[in-house]
>>> print(open('input.cif').read())   # mmCIF, C-alpha atoms
data_input
loop_
_atom_site.label_atom_id
_atom_site.label_comp_id
_atom_site.auth_asym_id
_atom_site.auth_seq_id
_atom_site.Cartn_x
_atom_site.Cartn_y
_atom_site.Cartn_z
CA MET M 1 -91.76 123.22 -62.00
CA ASP M 2 -94.06 126.12 -60.98
CA ALA M 3 -91.08 128.41 -60.56
CA GLU M 4 -89.89 127.50 -64.06
CA ALA M 5 -93.33 128.13 -65.51
CA GLY M 6 -93.43 131.50 -63.76
CA GLN M 7 -90.01 132.32 -65.17
CA ASP M 8 -91.15 131.38 -68.68
CA GLU M 9 -94.33 133.42 -68.32
CA ARG M 10 -92.45 136.48 -67.05
CA TYR M 11 -89.97 136.11 -69.89
CA ALA M 12 -92.73 135.85 -72.51
CA ALA M 13 -94.38 138.99 -71.14
CA ALA M 14 -91.07 140.89 -71.02
CA ALA M 15 -90.04 139.76 -74.52
CA THR M 16 -93.37 140.82 -76.00
CA GLU M 17 -93.33 144.23 -74.34
CA PHE M 18 -89.64 145.06 -74.60
CA GLY M 19 -88.51 143.02 -77.64
CA PRO M 20 -88.37 146.03 -79.99
CA ALA M 21 -86.60 148.18 -77.36
CA ILE M 22 -84.02 145.40 -76.88
CA ALA M 23 -83.43 145.29 -80.64
CA ARG M 24 -82.95 149.09 -80.75
CA LEU M 25 -80.60 148.91 -77.78
CA ALA M 26 -78.56 146.19 -79.51
CA ARG M 27 -78.31 148.39 -82.60
CA ALA M 28 -76.85 151.18 -80.49
CA TYR M 29 -74.26 148.84 -78.99
CA GLU M 30 -73.29 146.78 -82.03
CA ALA M 31 -72.98 148.23 -85.53
CA ASP M 32 -72.28 144.94 -87.35
CA ALA M 33 -75.36 142.91 -88.25
CA ASP M 34 -74.11 139.37 -87.45
CA PRO M 35 -72.73 140.05 -83.97
CA ARG M 36 -75.80 142.20 -83.35
CA GLY M 37 -78.02 139.16 -83.94
CA ASP M 38 -75.89 137.23 -81.45
CA LEU M 39 -76.12 140.08 -78.97
CA ILE M 40 -79.92 140.18 -79.20
CA GLN M 41 -80.06 136.44 -78.57
CA ASP M 42 -77.61 136.76 -75.67
CA ILE M 43 -79.75 139.48 -74.12
CA HIS M 44 -82.82 137.28 -74.36
CA VAL M 45 -81.01 134.32 -72.83
CA ALA M 46 -79.60 136.51 -70.04
CA LEU M 47 -83.05 137.95 -69.46
CA TRP M 48 -84.62 134.50 -69.24
CA ARG M 49 -81.88 133.29 -66.87
CA SER M 50 -82.10 136.40 -64.70
CA LEU M 51 -85.86 136.19 -64.33
CA ALA M 52 -85.32 133.16 -62.11
CA ALA M 53 -83.82 135.62 -59.61
CA PHE M 54 -86.36 138.39 -60.19
CA ASP M 55 -87.96 139.14 -56.82
CA GLY M 56 -90.27 141.98 -57.82
CA ARG M 57 -88.39 144.56 -55.77
CA CYS M 58 -88.20 146.75 -58.84
CA ALA M 59 -90.44 147.13 -61.87
CA LEU M 60 -90.12 144.57 -64.65
CA ARG M 61 -89.15 147.40 -67.02
CA THR M 62 -86.27 148.43 -64.75
CA TRP M 63 -85.09 144.83 -64.54
CA VAL M 64 -85.28 144.25 -68.30
CA TYR M 65 -83.31 147.39 -69.12
CA ARG M 66 -80.68 146.59 -66.50
CA VAL M 67 -80.16 143.08 -67.84
CA ALA M 68 -80.12 144.30 -71.43
CA HIS M 69 -77.58 147.06 -70.77
CA ASN M 70 -75.38 144.86 -68.60
CA THR M 71 -75.30 142.08 -71.19
CA ALA M 72 -74.63 144.58 -73.98
CA SER M 73 -71.84 146.22 -71.93
CA SER M 74 -70.18 142.83 -71.44
CA HIS M 75 -70.51 142.20 -75.17
CA VAL M 76 -68.90 145.54 -76.03
CA ARG M 77 -66.06 145.00 -73.55
CA LYS M 78 -65.24 141.63 -75.10
CA ARG M 79 -65.38 143.08 -78.63
CA ARG M 80 -63.18 146.02 -77.60
CA ARG M 81 -60.47 143.64 -76.53
CA TRP M 82 -60.07 142.92 -80.24
CA ARG M 83 -60.92 146.29 -81.72
CA ARG M 84 -59.13 148.56 -79.26
CA GLU M 85 -61.67 151.39 -79.29
CA ARG M 86 -62.95 153.46 -76.40
CA GLY M 87 -66.22 155.21 -75.88
CA ALA M 88 -66.17 158.99 -75.53
CA SER M 89 -67.96 161.02 -72.89
CA LEU M 90 -70.78 163.46 -73.64
CA GLU M 91 -68.45 166.32 -72.71
CA ALA M 92 -65.78 165.14 -75.15
CA LEU M 93 -68.29 164.77 -77.98
CA GLU M 94 -69.68 168.23 -77.25
CA ALA M 95 -66.20 169.65 -77.70
CA VAL M 96 -65.70 168.05 -81.12
CA ALA M 97 -66.54 170.24 -84.11
CA ASP M 98 -69.15 168.95 -86.57
CA ALA M 99 -66.70 168.56 -89.40
CA ASP M 100 -67.67 165.00 -90.17
CA ASP M 101 -70.76 165.86 -92.18
CA PRO M 102 -70.62 169.41 -93.59
CA GLU M 103 -73.56 168.82 -95.92
CA GLY M 104 -75.88 168.02 -93.06
CA ALA M 105 -78.06 164.98 -92.73
CA VAL M 106 -80.76 164.42 -95.30
CA GLY M 107 -84.03 162.88 -94.27
CA ASP M 108 -85.09 160.65 -91.42
CA ARG M 109 -82.89 157.75 -92.43
CA ARG M 110 -79.76 159.87 -92.36
CA ALA M 111 -80.89 161.49 -89.13
CA LEU M 112 -81.34 158.06 -87.57
CA GLU M 113 -77.93 156.95 -88.84
CA ARG M 114 -76.35 160.07 -87.35
CA LEU M 115 -78.17 159.57 -84.07
CA THR M 116 -77.07 155.92 -83.89
CA ALA M 117 -73.50 156.92 -84.72
CA ILE M 118 -73.47 159.53 -81.95
CA ILE M 119 -74.76 157.01 -79.41
CA GLN M 120 -72.29 154.37 -80.54
CA GLN M 121 -69.44 156.80 -79.85
CA LEU M 122 -70.50 157.30 -76.24
CA GLY M 123 -69.00 155.35 -73.38
CA ALA M 124 -70.91 153.88 -70.44
CA PRO M 125 -72.90 155.23 -68.60
CA ASP M 126 -73.56 158.12 -71.02
CA ARG M 127 -74.67 155.71 -73.72
CA GLN M 128 -77.10 154.06 -71.32
CA VAL M 129 -78.58 157.38 -70.26
CA ALA M 130 -78.91 158.49 -73.89
CA LEU M 131 -80.63 155.27 -74.92
CA LEU M 132 -83.06 155.30 -72.03
CA TYR M 133 -83.81 158.96 -72.70
CA LEU M 134 -84.62 158.13 -76.32
CA GLU M 135 -86.91 155.35 -75.08
CA ASP M 136 -88.79 158.19 -73.33
CA LEU M 137 -88.01 157.21 -69.74
CA ASP M 138 -87.92 160.03 -67.20
CA ALA M 139 -84.87 160.95 -65.09
CA ALA M 140 -86.11 159.03 -62.03
CA ALA M 141 -86.63 155.82 -64.01
CA ILE M 142 -83.24 156.20 -65.72
CA GLY M 143 -81.67 156.75 -62.31
CA GLU M 144 -83.22 153.58 -60.95
CA ILE M 145 -81.92 151.57 -63.90
CA THR M 146 -78.41 153.00 -64.03
CA GLY M 147 -77.77 153.61 -60.33
CA LEU M 148 -77.20 157.35 -60.94
CA SER M 149 -79.08 159.99 -58.99
CA ALA M 150 -81.98 161.73 -60.75
CA GLY M 151 -79.94 164.96 -60.55
CA ALA M 152 -76.96 163.40 -62.27
CA VAL M 153 -79.25 161.95 -64.93
CA SER M 154 -80.83 165.37 -65.51
CA VAL M 155 -77.39 166.92 -66.02
CA LYS M 156 -76.49 164.20 -68.52
CA ILE M 157 -79.78 164.62 -70.36
CA HIS M 158 -79.22 168.37 -70.54
CA ARG M 159 -75.79 167.80 -72.09
CA LEU M 160 -77.22 165.22 -74.45
CA LYS M 161 -79.96 167.58 -75.61
CA ALA M 162 -77.38 170.31 -76.22
CA LEU M 163 -75.22 167.90 -78.18
CA LEU M 164 -78.12 166.67 -80.31
CA ALA M 165 -79.41 170.20 -80.91
CA ARG M 166 -75.98 171.27 -82.13
CA ARG M 167 -75.45 168.18 -84.26
CA PHE M 168 -78.83 168.51 -85.94
CA ALA M 169 -78.87 172.32 -86.18
CA ALA M 170 -77.30 172.37 -89.64
CA GLN M 171 -80.03 170.07 -90.87
CA ARG M 172 -82.76 172.37 -89.60
CA GLU M 173 -81.05 175.47 -90.98
CA LYS M 174 -81.05 173.90 -94.42
CA GLY M 175 -84.80 173.42 -94.15
CA GLU M 176 -84.43 169.65 -94.05
CA ALA M 177 -86.58 169.30 -90.99
CA LEU M 178 -87.05 165.92 -89.47
CA HIS M 179 -90.34 164.33 -90.35
CA ASP M 180 -92.88 165.27 -87.71
CA PRO M 181 -95.31 162.38 -87.38
CA THR M 182 -97.82 164.50 -85.47
CA SER M 183 -98.15 167.26 -88.07
CA MET P 1 -92.51 171.72 -86.78
CA THR P 2 -94.79 171.22 -83.82
CA GLN P 3 -92.44 169.15 -81.66
CA PRO P 4 -89.08 170.14 -80.21
CA PRO P 5 -86.24 168.44 -82.15
CA GLU P 6 -85.34 166.11 -79.28
CA ASP P 7 -88.91 164.81 -79.20
CA GLN P 8 -88.77 164.23 -82.92
CA LEU P 9 -85.57 162.28 -82.39
CA LYS P 10 -87.33 160.17 -79.78
CA VAL P 11 -90.17 159.43 -82.20
CA LEU P 12 -87.65 158.66 -84.92
CA TRP P 13 -85.66 156.41 -82.60
CA GLN P 14 -88.66 154.47 -81.35
CA GLY P 15 -90.21 154.24 -84.80
CA GLN P 16 -87.22 152.68 -86.54
CA GLU P 17 -87.87 149.38 -88.24
CA MET P 18 -86.14 146.53 -86.48
CA GLU P 19 -85.74 142.95 -87.52
CA THR P 20 -87.18 141.43 -84.34
CA THR P 21 -87.53 137.70 -84.58
CA PRO P 22 -88.83 136.61 -81.20
CA MET P 23 -87.02 133.67 -79.60
CA SER P 24 -89.15 130.87 -78.26
CA VAL P 25 -88.55 129.71 -74.70
CA ASP P 26 -87.38 126.37 -76.11
CA ALA P 27 -84.80 128.12 -78.30
CA ILE P 28 -83.60 130.07 -75.27
CA ARG P 29 -83.36 126.93 -73.17
CA ALA P 30 -81.35 125.29 -75.96
CA ARG P 31 -78.95 128.25 -76.17
CA ALA P 32 -78.54 128.38 -72.40
CA ALA P 33 -77.91 124.61 -72.39
CA ARG P 34 -75.26 125.01 -75.10
CA PHE P 35 -73.54 127.61 -72.94
CA THR P 36 -73.61 125.30 -69.90
CA LYS P 37 -72.31 122.46 -72.06
CA ARG P 38 -69.41 124.61 -73.28
CA ARG P 39 -68.51 125.38 -69.66
CA HIS P 40 -68.62 121.67 -68.84
CA TRP P 41 -66.32 120.94 -71.78
CA GLY P 42 -63.98 123.65 -70.47
CA PHE P 43 -63.86 121.96 -67.06
CA LEU P 44 -63.30 118.58 -68.71
CA PHE P 45 -60.45 120.04 -70.77
CA GLY P 46 -58.88 121.39 -67.57
CA LEU P 47 -59.23 117.99 -65.95
CA VAL P 48 -57.54 116.26 -68.90
CA LEU P 49 -54.67 118.78 -68.69
CA ILE P 50 -54.22 118.05 -64.99
CA LEU P 51 -54.20 114.29 -65.63
CA ALA P 52 -51.69 114.67 -68.47
CA GLU P 53 -49.32 116.72 -66.33
CA ILE P 54 -49.62 114.17 -63.50
CA VAL P 55 -48.53 111.43 -65.92
CA ILE P 56 -45.67 113.42 -67.49
CA PHE P 57 -44.22 115.20 -64.47
CA GLY P 58 -45.12 112.38 -62.07
CA ARG P 59 -42.98 110.00 -64.05
CA TYR P 60 -39.99 112.34 -63.83
CA ALA P 61 -40.62 112.85 -60.12
CA LEU P 62 -40.19 109.09 -59.70
CA ILE P 63 -37.15 108.51 -61.88
CA LEU P 64 -35.08 111.65 -61.30
CA PRO P 65 -31.91 111.17 -59.30
CA GLY P 66 -31.51 113.44 -56.29
CA THR P 67 -34.07 114.34 -53.63
CA ALA P 68 -34.08 118.09 -54.33
CA ALA P 69 -34.79 117.59 -58.05
CA ARG P 70 -37.63 115.21 -57.20
CA VAL P 71 -39.09 117.60 -54.69
CA GLY P 72 -38.81 120.37 -57.29
CA MET P 73 -40.60 118.23 -59.87
CA LEU P 74 -43.35 117.38 -57.39
CA ALA P 75 -43.73 121.07 -56.57
CA ILE P 76 -44.08 121.81 -60.31
CA LEU P 77 -46.70 119.06 -60.51
CA VAL P 78 -48.76 120.49 -57.68
CA GLY P 79 -48.26 124.07 -58.90
CA LEU P 80 -49.48 123.25 -62.43
CA GLY P 81 -52.60 121.59 -61.05
CA TRP P 82 -53.22 124.63 -58.86
CA MET P 83 -52.68 126.99 -61.81
CA ILE P 84 -55.09 125.12 -64.11
CA ALA P 85 -57.75 124.96 -61.39
CA ARG P 86 -57.39 128.69 -60.61
CA PHE P 87 -57.42 129.60 -64.29
CA SER P 88 -60.58 127.60 -65.02
CA LEU P 89 -62.30 129.24 -62.03
CA LEU P 90 -61.28 132.78 -63.06
CA ALA P 91 -61.90 132.36 -66.80
CA PRO P 92 -64.22 135.07 -68.16
CA ARG P 93 -67.81 133.98 -68.63
CA ARG P 94 -69.81 134.59 -71.76
CA PHE P 95 -72.92 135.68 -69.89
CA PRO P 96 -73.03 137.93 -66.85
CA ASP P 97 -73.98 136.14 -63.68
CA ALA P 98 -77.79 135.68 -63.68
CA LYS P 99 -78.27 137.55 -60.41
CA ALA P 100 -75.66 140.25 -61.07
CA SER P 101 -77.23 141.06 -64.43
CA GLY P 102 -80.23 142.52 -62.61
CA GLU P 103 -78.07 144.95 -60.59
CA SER P 104 -78.10 148.63 -61.45
CA ILE P 105 -75.77 149.34 -64.35
CA LEU P 106 -73.23 151.28 -62.30
CA GLU P 107 -73.04 148.58 -59.63
CA TYR P 108 -72.66 145.96 -62.32
CA HIS P 109 -69.76 147.83 -63.94
CA ARG P 110 -68.06 148.28 -60.57
CA THR P 111 -68.42 144.63 -59.69
CA GLU P 112 -67.23 143.47 -63.11
CA LEU P 113 -64.21 145.77 -63.06
CA LYS P 114 -63.27 144.60 -59.60
CA ARG P 115 -63.77 140.98 -60.62
CA THR P 116 -61.55 141.27 -63.66
CA ARG P 117 -58.89 143.33 -61.88
CA GLU P 118 -55.70 141.35 -61.79
CA THR P 119 -53.00 142.23 -59.35
CA PHE P 120 -49.42 141.07 -59.45
CA GLY P 121 -50.10 139.49 -56.07
CA SER P 122 -52.99 137.37 -57.37
CA LEU P 123 -50.92 136.41 -60.41
CA LEU P 124 -48.12 135.25 -58.12
CA VAL P 125 -50.64 133.26 -56.09
CA MET P 126 -51.63 131.57 -59.34
CA VAL P 127 -48.20 130.81 -60.84
CA GLY P 128 -46.05 131.13 -57.70
CA PRO P 129 -46.02 127.40 -56.80
CA VAL P 130 -44.91 126.47 -60.34
CA LEU P 131 -42.11 129.04 -60.29
CA LEU P 132 -41.01 127.94 -56.85
CA GLY P 133 -41.03 124.32 -58.04
CA MET P 134 -38.90 125.27 -61.04
CA VAL P 135 -36.37 127.05 -58.85
CA ILE P 136 -36.18 124.08 -56.44
CA PHE P 137 -35.82 121.73 -59.40
CA VAL P 138 -33.05 123.76 -61.03
CA VAL P 139 -31.15 124.17 -57.76
CA GLY P 140 -31.67 120.48 -56.96
CA ALA P 141 -30.43 119.40 -60.39
CA THR P 142 -27.37 121.67 -60.03
CA VAL P 143 -26.57 120.16 -56.63
CA THR P 144 -27.08 116.59 -57.93
CA PHE P 145 -25.00 117.14 -61.04
CA PRO P 146 -22.35 119.65 -59.90
CA ARG P 147 -20.05 118.98 -62.84
CA HIS P 148 -22.62 120.50 -65.22
CA GLY P 149 -22.19 123.66 -63.21
CA PHE P 150 -24.49 126.53 -62.32
CA LEU P 151 -24.01 128.15 -65.73
CA ASN P 152 -26.18 125.47 -67.35
CA ALA P 153 -29.07 126.43 -65.08
CA LEU P 154 -28.59 130.13 -65.73
CA PRO P 155 -30.68 130.39 -68.95
CA ILE P 156 -33.79 128.90 -67.34
CA MET P 157 -33.36 131.10 -64.25
CA ALA P 158 -32.97 134.13 -66.52
CA LEU P 159 -36.14 133.11 -68.39
CA ILE P 160 -38.08 132.87 -65.12
CA ALA P 161 -36.85 136.32 -64.10
CA LEU P 162 -37.71 137.75 -67.52
CA TRP P 163 -41.18 136.24 -67.35
CA LEU P 164 -41.70 137.73 -63.91
CA VAL P 165 -40.67 141.22 -65.03
CA GLY P 166 -42.86 140.97 -68.16
CA ALA P 167 -45.86 139.72 -66.18
CA TRP P 168 -45.37 142.45 -63.58
CA TRP P 169 -45.35 145.13 -66.32
CA ILE P 170 -48.42 143.78 -68.16
CA VAL P 171 -50.45 143.33 -64.98
CA ARG P 172 -49.52 146.78 -63.70
CA ARG P 173 -50.59 148.35 -66.99
CA GLY P 174 -53.93 146.52 -66.92
CA GLU P 175 -54.41 147.43 -63.27
CA ARG P 176 -53.82 151.12 -64.01
CA LYS P 177 -56.37 151.08 -66.85
CA ARG P 178 -59.02 149.40 -64.68
CA GLN P 179 -58.25 151.79 -61.84
CA LEU P 180 -58.89 154.74 -64.17
CA LYS P 181 -62.19 153.22 -65.27
CA LEU P 182 -63.22 152.65 -61.66
CA ALA P 183 -62.27 156.24 -60.80
CA GLU P 184 -64.53 157.39 -63.67
CA LEU P 185 -67.40 155.39 -62.21
CA GLU P 186 -66.70 156.60 -58.68
CA ALA P 187 -66.74 160.18 -59.99
CA THR P 188 -70.27 159.52 -61.22
CA ARG P 189 -71.18 158.39 -57.71
CA VAL P 190 -70.07 161.84 -56.41
CA GLU P 191 -72.75 163.37 -58.62
CA ARG P 192 -75.40 161.78 -56.38
CA ASP P 193 -77.81 164.16 -54.64
#
>>> encode(input="input.cif", output="structure tokens")
Amino acid sequence: MDAEAGQDERYAAAATEFGPAIARLARAYEADADPRGDLIQDIHVALWRSLAAFDGRCALRTWVYRVAHNTASSHVRKRRRWRRERGASLEALEAVADADDPEGAVGDRRALERLTAIIQQLGAPDRQVALLYLEDLDAAAIGEITGLSAGAVSVKIHRLKALLARRFAAQREKGEALHDPTS
Amino acid sequence: MTQPPEDQLKVLWQGQEMETTPMSVDAIRARAARFTKRRHWGFLFGLVLILAEIVIFGRYALILPGTAARVGMLAILVGLGWMIARFSLLAPRRFPDAKASGESILEYHRTELKRTRETFGSLLVMVGPVLLGMVIFVVGATVTFPRHGFLNALPIMALIALWLVGAWWIVRRGERKRQLKLAELEATRVERD
């Protein structure tokens, strides 16, 4: 009974702290609203179930992100069986010309849509690195979550930054700067 | 602009409005229980299938003339039970295993790919007894009723052979795709410091 109460408590703490990050992660994995709702619920159930096996050998944050990404990856794999699509690598996306949006993105909403679309095109583990990077985790933390070395993560982040800079360059050139909340 | 663009993207990403309706622990328990219930129904369905095949094929195993045909029918009976049991054990799960879901993402992908990798050998282990039973049955029936001749048994033998070739091709294709994915993951491992 105590173990169950501990599991519930840990889950409540994790859900409060990481609930919004889980929702953002689900958005990056699933574009359609209905299955996305299911995915979020699945992640929460998987998280609750997994916390019974949580032994504190890693940080709760690491554990939560691992469970969330693993559940989302399983979800995507099952959906792909029907939709027959494959994720691209960062290198492949870098090589693609920006012909899809010659007018450039307009405003934060468009920028966010573009960013989400770029992430949704990535395959694992690039998508996972990109998402964790956007959640402001450092290379060491991303490495612990994904199983990649910090060096490998740094290389991926470098490529990701280059890709994002290129994709959003047109926007900046047109003077449609992203809203800077600190200015 | 006071922040580099990637930092602005981070702020934008983290600041997006999300429809986050928190799930209560009770709701989670209920969903997890529904999942367990579905699995139990799956097992029950498998059990009903096994019982049905025992009734249908068992009856023929008793009334068929000729020892070889009976043995063949019994082998089919056992093979079908084996196949249903194996299938229900290997069926993909909706949720990742509770313990595995806390593994690092790369390890999880590796394990999952290995778990779902089907080989022609494992497929034969699954359906082999049924196929062997069918062959014994067909040969036994041909021996028991020689005037019907071997030609009558030819279509079913041809079907078995066709099925085997088709299954071999499909499994090999799937195996190649999974192997490529695993190689991609292993290549990431090489990037380690």
>>> resolve_selection(input="input.cif", expression="the PyMOL selection byres ((chain M and resi 119-121) around 7)", output="list of chain:residue names")
M:Ala28, M:Tyr29, M:Gly87, M:Ala88, M:Leu115, M:Thr116, M:Ala117, M:Ile118, M:Leu122, M:Gly123, M:Arg127
>>> interface_residues(input="input.cif", of="chain P", to="chain M", cutoff="6 Å", atoms="all atoms listed in the file", output="list in words")
Lys10, Ile28, Ala98, Lys99, Ser101, Gly102, Ser104, Ile105, Leu106, Glu191 and Arg192 of chain P
>>> atom_distance(input="input.cif", atom1="CA of Gly166 (chain P)", atom2="CA of Ala183 (chain P)")
25.8 Å
>>> residues_around(input="input.cif", residues="Glu53 (chain P)", least_positions_apart="3", cutoff="8 Å", atoms="all atoms listed in the file", output="PyMOL selection string")
chain P and resi 49-50+56-58+77+80-81
>>> closest_residue(input="input.cif", among="M:Leu39, M:Asp34, M:Leu25, M:Asp55", to="Val129 (chain M)", atoms="only C-alpha atoms")
M:Leu25
>>> atom_distance(input="input.cif", atom1="CA of Leu132 (chain P)", atom2="CA of Ala75 (chain P)")
7.4 Å
